[in-house]
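Source file structure.cif; content: mmCIF, C-alpha atoms and all ligand atoms.
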```cif
data_data
loop_
_atom_site.label_atom_id
_atom_site.label_comp_id
_atom_site.auth_asym_id
_atom_site.auth_seq_id
_atom_site.Cartn_x
_atom_site.Cartn_y
_atom_site.Cartn_z
CA MET A 1 3.63 119.73 56.33
CA ASP A 2 1.23 117.59 58.33
CA VAL A 3 -1.95 119.25 59.67
CA ILE A 4 -4.33 117.02 61.63
CA TRP A 5 -7.34 117.35 63.88
CA GLN A 6 -7.00 115.72 67.29
CA GLU A 7 -9.75 115.26 69.87
CA ARG A 8 -7.25 114.74 72.67
CA LEU A 9 -3.71 115.99 73.11
CA SER A 10 -1.14 113.74 74.78
CA GLY A 11 0.73 115.26 77.74
CA ALA A 12 3.80 115.76 75.53
CA ARG A 13 1.79 117.44 72.74
CA ALA A 14 0.03 119.73 75.25
CA GLU A 15 3.45 120.73 76.60
CA GLN A 16 4.67 121.58 73.07
CA VAL A 17 1.57 123.70 72.48
CA ARG A 18 2.21 125.55 75.77
CA ASP A 19 5.81 126.25 74.67
CA LEU A 20 4.64 127.44 71.24
CA VAL A 21 2.04 129.77 72.79
CA ALA A 22 4.61 131.15 75.27
CA ALA A 23 7.14 131.77 72.46
CA ALA A 24 4.48 133.54 70.36
CA ALA A 25 3.39 135.69 73.33
CA GLU A 26 7.03 136.69 73.96
CA VAL A 27 7.55 137.81 70.35
CA ASP A 28 4.08 139.31 69.67
CA GLY A 29 3.52 140.91 73.09
CA ARG A 30 0.07 139.25 73.31
CA ALA A 31 -0.99 135.72 74.19
CA PRO A 32 -2.52 134.23 71.00
CA ILE A 33 -4.71 131.63 72.73
CA GLY A 34 -7.13 132.46 75.57
CA GLU A 35 -6.80 131.29 79.15
CA HIS A 36 -9.86 129.00 79.02
CA VAL A 37 -8.37 126.96 76.14
CA MET A 38 -4.94 126.80 77.80
CA MET A 39 -6.46 125.66 81.11
CA ASN A 40 -8.09 122.65 79.43
CA LEU A 41 -5.34 121.67 76.94
CA GLY A 42 -4.40 118.34 78.47
CA ASN A 43 -7.86 117.39 79.81
CA GLY A 44 -10.91 116.07 78.05
CA GLU A 45 -11.98 116.34 74.45
CA GLY A 46 -11.82 119.32 72.14
CA ASN A 47 -11.02 120.25 68.56
CA HIS A 48 -7.27 120.74 68.33
CA LEU A 49 -5.66 121.38 64.93
CA VAL A 50 -1.99 120.52 65.10
CA ALA A 51 0.62 121.37 62.44
CA THR A 52 3.99 119.59 62.33
CA GLU A 53 6.71 119.59 59.67
CA ARG A 54 6.51 115.78 59.43
CA PRO A 55 4.10 113.25 60.99
CA GLY A 56 4.92 112.90 64.69
CA GLY A 57 7.36 115.85 64.63
CA PRO A 58 7.29 118.79 67.06
CA VAL A 59 4.30 121.17 66.92
CA VAL A 60 4.97 124.27 64.78
CA GLY A 61 1.38 125.57 64.53
CA TYR A 62 -1.75 125.15 66.61
CA ALA A 63 -5.43 126.13 66.37
CA TYR A 64 -8.35 125.48 68.69
CA LEU A 65 -11.94 125.43 67.44
CA ASP A 66 -14.67 125.87 70.05
CA LEU A 67 -17.77 124.33 68.47
CA THR A 68 -19.95 125.24 71.48
CA GLY A 69 -19.25 128.79 70.43
CA ASP A 70 -20.59 132.08 71.71
CA ASN A 71 -24.10 133.23 72.61
CA ASP A 72 -24.68 134.49 69.03
CA GLY A 73 -24.35 131.00 67.53
CA ASN A 74 -20.83 131.50 66.15
CA VAL A 75 -18.09 128.89 66.50
CA VAL A 76 -14.89 130.52 67.76
CA ALA A 77 -11.24 129.78 66.92
CA GLU A 78 -7.77 130.94 67.91
CA LEU A 79 -4.49 130.05 66.22
CA ALA A 80 -0.76 130.59 66.45
CA VAL A 81 2.39 129.64 64.58
CA HIS A 82 5.72 129.24 66.37
CA PRO A 83 7.81 132.40 65.73
CA SER A 84 10.69 130.40 64.23
CA HIS A 85 8.37 128.66 61.73
CA ARG A 86 6.43 131.61 60.33
CA ARG A 87 6.00 132.65 56.69
CA GLN A 88 6.11 129.06 55.49
CA GLY A 89 2.39 128.62 54.92
CA THR A 90 1.51 127.11 58.32
CA GLY A 91 -0.90 129.90 59.29
CA SER A 92 -2.63 129.51 55.92
CA ALA A 93 -2.92 125.74 56.40
CA LEU A 94 -4.48 126.24 59.84
CA VAL A 95 -7.05 128.74 58.51
CA GLU A 96 -7.92 126.34 55.65
CA GLY A 97 -8.45 123.59 58.23
CA LEU A 98 -10.69 125.80 60.36
CA LEU A 99 -12.79 126.91 57.36
CA ALA A 100 -13.24 123.28 56.30
CA LYS A 101 -14.24 122.07 59.76
CA ALA A 102 -16.62 124.92 60.72
CA PRO A 103 -20.23 123.86 60.01
CA ASP A 104 -20.90 127.30 58.44
CA PRO A 105 -17.83 129.40 57.52
CA ALA A 106 -19.91 132.61 57.81
CA ALA A 107 -20.45 131.75 61.48
CA LEU A 108 -16.74 131.09 62.13
CA ARG A 109 -14.97 133.75 64.21
CA ILE A 110 -11.18 133.71 64.37
CA TRP A 111 -9.61 135.89 67.06
CA ALA A 112 -6.52 138.00 66.41
CA HIS A 113 -5.36 139.27 69.79
CA GLY A 114 -3.67 142.55 68.86
CA GLU A 115 -3.74 143.74 65.28
CA THR A 116 -0.51 142.61 63.66
CA PRO A 117 0.35 142.92 59.96
CA ALA A 118 0.65 139.11 59.86
CA ALA A 119 -2.88 138.51 61.18
CA THR A 120 -4.32 141.23 58.93
CA ARG A 121 -2.61 139.77 55.85
CA LEU A 122 -3.67 136.23 56.68
CA ALA A 123 -7.30 137.35 57.04
CA GLU A 124 -7.11 139.28 53.75
CA LYS A 125 -5.69 136.28 51.94
CA PHE A 126 -8.78 134.20 52.82
CA GLY A 127 -11.25 137.04 52.23
CA LEU A 128 -12.22 137.08 55.92
CA ARG A 129 -14.19 140.11 57.11
CA ARG A 130 -13.81 142.06 60.35
CA ALA A 131 -16.85 141.01 62.37
CA ARG A 132 -16.09 142.38 65.80
CA GLU A 133 -13.51 144.53 67.57
CA LEU A 134 -12.76 144.45 71.26
CA TRP A 135 -10.69 147.33 72.62
CA ARG A 136 -8.18 147.09 75.41
CA MET A 137 -8.05 150.37 77.32
CA ARG A 138 -5.41 151.26 79.90
CA ARG A 139 -4.85 153.83 82.64
CA PRO A 140 -1.82 154.47 84.87
CA LEU A 141 -2.45 154.27 88.63
CA SER A 142 0.47 156.51 89.62
CA ASP A 143 0.05 159.54 91.93
CA ALA A 144 0.72 161.76 88.90
CA GLU A 145 -2.67 160.67 87.48
CA PRO A 146 -5.09 161.19 90.39
CA LEU A 147 -8.41 159.35 90.34
CA PRO A 148 -11.44 161.62 89.92
CA THR A 149 -14.10 161.67 92.65
CA ARG A 150 -17.77 160.85 92.12
CA ALA A 151 -20.60 161.05 94.67
CA THR A 152 -22.32 157.74 95.46
CA PRO A 153 -25.98 157.99 94.38
CA GLU A 154 -28.53 158.58 97.22
CA GLY A 155 -29.51 155.41 99.06
CA VAL A 156 -26.77 153.27 97.51
CA VAL A 157 -24.34 151.34 99.72
CA LEU A 158 -21.13 149.67 98.51
CA ARG A 159 -19.73 146.53 100.08
CA THR A 160 -17.53 143.62 99.02
CA PHE A 161 -18.72 140.24 97.71
CA ARG A 162 -19.41 137.37 100.15
CA PRO A 163 -18.51 134.00 98.57
CA GLY A 164 -21.26 131.46 99.13
CA ALA A 165 -23.93 134.14 99.66
CA ASP A 166 -23.88 136.66 96.77
CA GLU A 167 -23.54 134.47 93.65
CA ALA A 168 -27.25 134.38 92.73
CA ALA A 169 -27.74 138.15 93.12
CA MET A 170 -24.60 138.94 91.13
CA VAL A 171 -25.53 136.53 88.31
CA ALA A 172 -29.04 138.02 88.07
CA VAL A 173 -27.62 141.54 87.62
CA ASN A 174 -24.93 140.28 85.22
CA ASN A 175 -27.41 138.52 82.96
CA ARG A 176 -29.74 141.52 82.85
CA ALA A 177 -26.87 143.92 82.17
CA PHE A 178 -25.26 141.70 79.50
CA SER A 179 -28.33 140.11 77.86
CA TRP A 180 -26.93 141.31 74.49
CA HIS A 181 -23.29 140.18 74.97
CA PRO A 182 -21.78 137.20 73.04
CA GLU A 183 -19.82 135.83 76.05
CA GLN A 184 -20.74 137.71 79.21
CA GLY A 185 -24.51 137.03 79.10
CA GLY A 186 -26.11 133.79 80.28
CA TRP A 187 -23.79 133.16 83.23
CA THR A 188 -24.66 130.61 85.92
CA GLU A 189 -23.70 130.59 89.60
CA GLU A 190 -21.32 127.78 88.66
CA ASP A 191 -19.43 130.16 86.32
CA VAL A 192 -18.86 132.46 89.29
CA ARG A 193 -17.86 129.63 91.66
CA ALA A 194 -15.34 128.30 89.08
CA ARG A 195 -13.63 131.71 89.11
CA GLU A 196 -13.72 131.87 92.92
CA ALA A 197 -11.57 128.71 92.84
CA GLU A 198 -8.89 130.42 90.66
CA ASP A 199 -5.65 131.67 92.26
CA TRP A 200 -6.35 135.28 91.28
CA PHE A 201 -9.75 135.46 93.02
CA ASP A 202 -9.91 138.09 95.78
CA ALA A 203 -13.27 138.93 97.36
CA ASP A 204 -11.76 142.22 98.64
CA GLY A 205 -11.49 143.34 95.01
CA PHE A 206 -15.10 142.42 94.13
CA PHE A 207 -17.53 145.28 94.90
CA LEU A 208 -21.32 145.21 95.07
CA ALA A 209 -23.73 148.17 95.13
CA GLU A 210 -27.00 147.71 97.00
CA ARG A 211 -30.17 149.76 97.27
CA ASP A 212 -32.77 148.75 99.90
CA GLY A 213 -30.83 145.52 100.46
CA ARG A 214 -30.98 144.54 96.75
CA VAL A 215 -27.86 144.18 94.59
CA ILE A 216 -28.09 146.62 91.65
CA GLY A 217 -24.52 146.63 90.37
CA PHE A 218 -21.06 145.13 90.76
CA HIS A 219 -17.42 145.59 89.82
CA TRP A 220 -15.17 142.57 89.81
CA THR A 221 -11.42 143.32 89.59
CA LYS A 222 -8.58 140.98 88.73
CA VAL A 223 -4.79 141.18 89.05
CA HIS A 224 -2.48 139.81 86.33
CA PRO A 225 1.15 138.98 87.14
CA ALA A 226 3.80 140.46 84.80
CA SER A 227 3.83 138.74 81.37
CA PRO A 228 4.58 139.76 77.76
CA GLY A 229 0.86 140.49 77.29
CA THR A 230 0.71 142.93 80.21
CA GLY A 231 3.57 145.09 78.98
CA GLY A 232 6.04 143.28 81.27
CA GLU A 233 4.65 144.55 84.59
CA PRO A 234 1.81 143.37 86.83
CA ILE A 235 -1.46 145.03 85.92
CA GLY A 236 -4.94 145.32 87.41
CA GLU A 237 -8.05 144.66 85.34
CA VAL A 238 -11.58 146.01 85.46
CA TYR A 239 -12.72 142.41 84.91
CA VAL A 240 -16.51 142.96 84.76
CA VAL A 241 -18.67 145.97 85.62
CA GLY A 242 -22.42 145.32 85.46
CA ILE A 243 -25.24 147.66 86.41
CA ASP A 244 -28.86 146.54 86.49
CA PRO A 245 -30.61 148.20 83.49
CA ASP A 246 -33.09 149.84 85.93
CA ALA A 247 -30.19 151.54 87.74
CA GLN A 248 -28.19 152.58 84.65
CA GLY A 249 -27.55 156.23 83.78
CA GLY A 250 -27.28 157.39 87.40
CA GLY A 251 -23.50 157.44 87.73
CA LEU A 252 -23.27 154.08 89.49
CA GLY A 253 -20.96 152.62 86.81
CA SER A 254 -18.34 155.31 87.48
CA VAL A 255 -18.68 154.98 91.27
CA LEU A 256 -18.22 151.20 91.19
CA THR A 257 -15.36 151.43 88.69
CA LEU A 258 -13.59 153.97 90.94
CA ALA A 259 -14.03 151.77 94.02
CA GLY A 260 -12.17 149.03 92.16
CA LEU A 261 -9.47 151.41 90.88
CA HIS A 262 -8.76 152.65 94.43
CA HIS A 263 -8.47 149.03 95.54
CA LEU A 264 -6.05 148.16 92.69
CA ARG A 265 -3.96 151.26 93.42
CA SER A 266 -3.79 150.31 97.12
CA LEU A 267 -2.18 147.01 96.02
CA GLY A 268 0.66 149.05 94.47
CA LEU A 269 -0.19 148.17 90.85
CA PRO A 270 1.28 150.60 88.30
CA ALA A 271 -1.65 150.44 85.87
CA VAL A 272 -5.08 149.02 85.13
CA MET A 273 -6.62 147.74 81.89
CA LEU A 274 -10.01 146.63 80.65
CA TYR A 275 -11.73 145.13 77.61
CA VAL A 276 -14.72 146.83 76.01
CA GLU A 277 -16.63 146.27 72.76
CA SER A 278 -15.58 148.95 70.25
CA ASP A 279 -19.24 149.83 69.60
CA ASN A 280 -20.20 150.16 73.29
CA THR A 281 -19.97 153.94 73.15
CA SER A 282 -21.61 154.62 76.53
CA ALA A 283 -19.15 152.36 78.37
CA ILE A 284 -16.19 153.81 76.43
CA ARG A 285 -17.31 157.33 77.40
CA VAL A 286 -17.43 156.34 81.10
CA TYR A 287 -13.94 154.85 80.92
CA GLN A 288 -12.47 157.82 79.01
CA LYS A 289 -13.80 160.20 81.67
CA LEU A 290 -12.03 158.03 84.27
CA GLY A 291 -8.73 158.49 82.41
CA PHE A 292 -8.59 155.33 80.26
CA ASP A 293 -7.18 155.49 76.71
CA LYS A 294 -7.33 152.90 73.93
CA TRP A 295 -4.29 150.60 74.22
CA ASP A 296 -4.87 148.11 71.40
CA ALA A 297 -7.62 145.94 69.93
CA ASP A 298 -8.55 142.30 69.49
CA VAL A 299 -10.30 141.58 66.21
CA GLN A 300 -12.63 138.72 65.31
CA PHE A 301 -12.41 137.77 61.65
CA ALA A 302 -15.32 135.88 60.07
CA GLY A 303 -15.56 133.61 57.05
CA LYS A 304 -17.89 134.40 54.12
C1 LIG B 1 -0.74 135.30 61.96
C2 LIG B 1 0.11 134.02 61.96
C3 LIG B 1 -0.78 132.85 62.39
C4 LIG B 1 0.60 133.78 60.50
O1 LIG B 1 1.30 132.52 60.46
P1 LIG B 1 2.28 132.15 59.25
O2 LIG B 1 2.55 130.69 59.34
O3 LIG B 1 3.43 133.06 59.21
O4 LIG B 1 1.32 132.43 57.99
P2 LIG B 1 1.60 132.08 56.43
O5 LIG B 1 3.04 131.67 56.25
O6 LIG B 1 0.56 131.11 56.00
O7 LIG B 1 1.36 133.51 55.77
C5 LIG B 1 0.07 133.96 55.39
C6 LIG B 1 0.18 135.26 54.60
O8 LIG B 1 0.51 136.35 55.48
C7 LIG B 1 1.70 136.99 55.06
N1 LIG B 1 2.45 137.38 56.26
C8 LIG B 1 2.86 136.58 57.27
N2 LIG B 1 3.51 137.30 58.18
C9 LIG B 1 3.50 138.57 57.76
C10 LIG B 1 4.02 139.79 58.29
N3 LIG B 1 4.67 139.81 59.46
N4 LIG B 1 3.81 140.92 57.57
C11 LIG B 1 3.14 140.90 56.38
N5 LIG B 1 2.62 139.77 55.85
C12 LIG B 1 2.81 138.63 56.53
C13 LIG B 1 2.43 135.92 54.28
O9 LIG B 1 3.35 136.47 53.37
C14 LIG B 1 1.28 135.20 53.59
O10 LIG B 1 0.81 135.95 52.50
P3 LIG B 1 0.98 135.38 50.99
O11 LIG B 1 0.51 133.96 51.01
O12 LIG B 1 0.13 136.31 50.19
O13 LIG B 1 2.44 135.50 50.73
C15 LIG B 1 1.34 134.13 62.89
O14 LIG B 1 2.04 135.33 62.59
C16 LIG B 1 0.99 134.11 64.35
O15 LIG B 1 0.99 133.04 64.99
N6 LIG B 1 0.68 135.32 64.92
C17 LIG B 1 0.21 135.41 66.32
C18 LIG B 1 -1.20 134.82 66.47
C19 LIG B 1 -2.29 135.49 65.61
O16 LIG B 1 -2.23 136.66 65.25
N7 LIG B 1 -3.36 134.72 65.31
C20 LIG B 1 -4.53 135.23 64.59
C21 LIG B 1 -4.47 134.99 63.13
S1 LIG B 1 -5.93 135.65 62.32
#
```
Output the file's structure as structure tokens, nothing else.
Ligand SMILES: CC(C)(COP(=O)(O)OP(=O)(O)OC[C@H]1O[C@@H](n2cnc3c(N)ncnc32)[C@H](O)[C@@H]1OP(=O)(O)O)[C@@H](O)C(=O)NCCC(=O)NCCS
Amino acid sequence: MDVIWQERLSGARAEQVRDLVAAAAEVDGRAPIGEHVMMNLGNGEGNHLVATERPGGPVVGYAYLDLTGDNDGNVVAELAVHPSHRRQGTGSALVEGLLAKAPDPAALRIWAHGETPAATRLAEKFGLRRARELWRMRRPLSDAEPLPTRATPEGVVLRTFRPGADEAAMVAVNNRAFSWHPEQGGWTEEDVRAREAEDWFDADGFFLAERDGRVIGFHWTKVHPASPGTGGEPIGEVYVVGIDPDAQGGGLGSVLTLAGLHHLRSLGLPAVMLYVESDNTSAIRVYQKLGFDKWDADVQFAGK
């Protein structure tokens, strides 16, 4: 087996990685590599670890190492092996490569999207520890599961986001609400504008709460087309809900979440999902009261 680091992927290599990731998602029911890595596969420099059966042969395993990392100073990796080339040591070779390249193995985080026996065993084999767990929660949007009602707090007005005008206010609330979060904190207006340029962006599904003309909370929704990772049907997402710490605890989180759920239901979507840190008990409680149940979990494994 040949396992090499590449700073740039040729167009043909990037295409093979896309095919590998699609084949893995089909078999595993979850995409193994995140959207941000896939979007940049063919452009610019990065740390790509490519496994082939012989030098120059087709890609059978792939890992990406993000050395910029998260807001907690960890470098972050994702990896996948083509379903027809599993259990031949490729996953192990990729993990060895990641552990060797990471500046500090204890600060290496490897994502397993969905907890499969294969990922669990691979982590065990290298003595990796569970460092973080992100839950996916899901709720049907059918008429059989009516949405609860919640009164909007006194003096609060809801409206939708205005591109070009609301970025600064939204980012200020986001960064105050997520000052502790490894990825969601420290956003810039540019991060918001980059998402506004994506196909899925819809200002009608992006809700702001204001008090005395000041933004104090928001709920940004997203719609995913049907794919293996969505359970085979289109699904809505509670993409980000952020409430200014000064306005937390007053029921605004539920009100904003519900505004988004009504919007997603009006689009005819059968269900809605969201990601939440497994130790964020207050958020989980809010979502459970709105009818969400745990669907599955993404785990970050860390070196020693
Ligand atoms: C997890 C994954 C990368 C493993 O790739 P792989 O090439 O099959 O891994 P290896 O052949 O090196 O196997 C590693 C160990 O896991 C075990 N293993 C692999 N698949 C397994 C399964 N389905 N059930 C139980 N054990 C399994 C192997 O037997 C081996 O253990 P051993 O060396 O003690 O015998 C692959 O299944 C995959 O791409 N899954 C989807 C993406 C993912 O989960 N990535 C995160 C990994 S932390």
Close residues, Ala23 in chain A itself excluded, 12 Å, all atoms listed in the file, min 4 positions apart in chain, as an MDAnalysis selection string: chainID A and resid 16:19 27:33 60:61 80:85 227:229
Using all atoms listed in the file, tabulate the residues of chain A lying at most 6 Å from any atom of ligand LIG 1 (chain B), each with its closest atom pair and that distance in Å to one decimal, by chain and increasing residue number, as JSON lines.
```
{"residue": "A:Pro32", "atom": "CA", "partner": "B:LIG1", "partner_atom": "C18", "distance": 4.8}
{"residue": "A:Leu79", "atom": "CA", "partner": "B:LIG1", "partner_atom": "N7", "distance": 4.9}
{"residue": "A:Ala80", "atom": "CA", "partner": "B:LIG1", "partner_atom": "O15", "distance": 3.3}
{"residue": "A:Val81", "atom": "CA", "partner": "B:LIG1", "partner_atom": "O15", "distance": 3.7}
{"residue": "A:Arg86", "atom": "CA", "partner": "B:LIG1", "partner_atom": "O3", "distance": 3.5}
{"residue": "A:Arg87", "atom": "CA", "partner": "B:LIG1", "partner_atom": "O5", "distance": 3.1}
{"residue": "A:Gln88", "atom": "CA", "partner": "B:LIG1", "partner_atom": "O5", "distance": 4.1}
{"residue": "A:Gly89", "atom": "CA", "partner": "B:LIG1", "partner_atom": "O6", "distance": 3.3}
{"residue": "A:Thr90", "atom": "CA", "partner": "B:LIG1", "partner_atom": "O2", "distance": 3.9}
{"residue": "A:Gly91", "atom": "CA", "partner": "B:LIG1", "partner_atom": "O2", "distance": 3.5}
{"residue": "A:Ser92", "atom": "CA", "partner": "B:LIG1", "partner_atom": "O6", "distance": 3.6}
{"residue": "A:Ile110", "atom": "CA", "partner": "B:LIG1", "partner_atom": "S1", "distance": 6.0}
{"residue": "A:Trp111", "atom": "CA", "partner": "B:LIG1", "partner_atom": "C20", "distance": 5.7}
{"residue": "A:Ala112", "atom": "CA", "partner": "B:LIG1", "partner_atom": "C20", "distance": 3.9}
{"residue": "A:Pro117", "atom": "CA", "partner": "B:LIG1", "partner_atom": "N4", "distance": 4.7}
{"residue": "A:Ala118", "atom": "CA", "partner": "B:LIG1", "partner_atom": "C9", "distance": 3.6}
{"residue": "A:Ala119", "atom": "CA", "partner": "B:LIG1", "partner_atom": "C1", "distance": 3.9}
{"residue": "A:Arg121", "atom": "CA", "partner": "B:LIG1", "partner_atom": "O8", "distance": 4.6}
{"residue": "A:Leu122", "atom": "CA", "partner": "B:LIG1", "partner_atom": "O8", "distance": 4.4}
{"residue": "A:Ala123", "atom": "CA", "partner": "B:LIG1", "partner_atom": "S1", "distance": 5.7}
```
Taking every listed atom of range 163-174 of chain A and adding 4 Å to each side, what centre and edge lengths in Å (one decimal) does the axis-aligned box have, as JSON?
```
{"center_x": -23.8, "center_y": 136.5, "center_z": 92.4, "size_x": 18.5, "size_y": 18.1, "size_z": 22.4}
```
Kindly assemble as JSON lines a list of the range 174-273 of chain A residues that lie within 10 Å of range 281-285 of chain A, each paired with its nearest atom pair and their distance in Å to one decimal, using all atoms listed in the file, sorted first by chain and then by ascending residue number.
```
{"residue": "A:Val241", "atom": "CA", "partner": "A:Ala283", "partner_atom": "CA", "distance": 9.7}
{"residue": "A:Gly249", "atom": "CA", "partner": "A:Ser282", "partner_atom": "CA", "distance": 9.5}
{"residue": "A:Gly253", "atom": "CA", "partner": "A:Ala283", "partner_atom": "CA", "distance": 8.6}
{"residue": "A:Ser254", "atom": "CA", "partner": "A:Ala283", "partner_atom": "CA", "distance": 9.6}
```
Which of A:Asn71, A:Gly231, A:Ala144, A:Leu264 sits closest to Gly185 in chain A [using all atoms listed in the file]: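 Checking each of A:Asn71, A:Gly231, A:Ala144, A:Leu264 against Gly185 in chain A, counting all atoms listed in the file, the winner is A:Asn71.
Going from CA of His224 in chain A over to CA of Asn174 in chain A, you cover 22.5 Å.
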Test item: residues at most 12 Å from Ala151 in chain A, all atoms listed in the file, excluding those fewer than 3 positions along its chain, as an MDAnalysis selection string: chainID A and resid 148 154:157 250:256 258:259
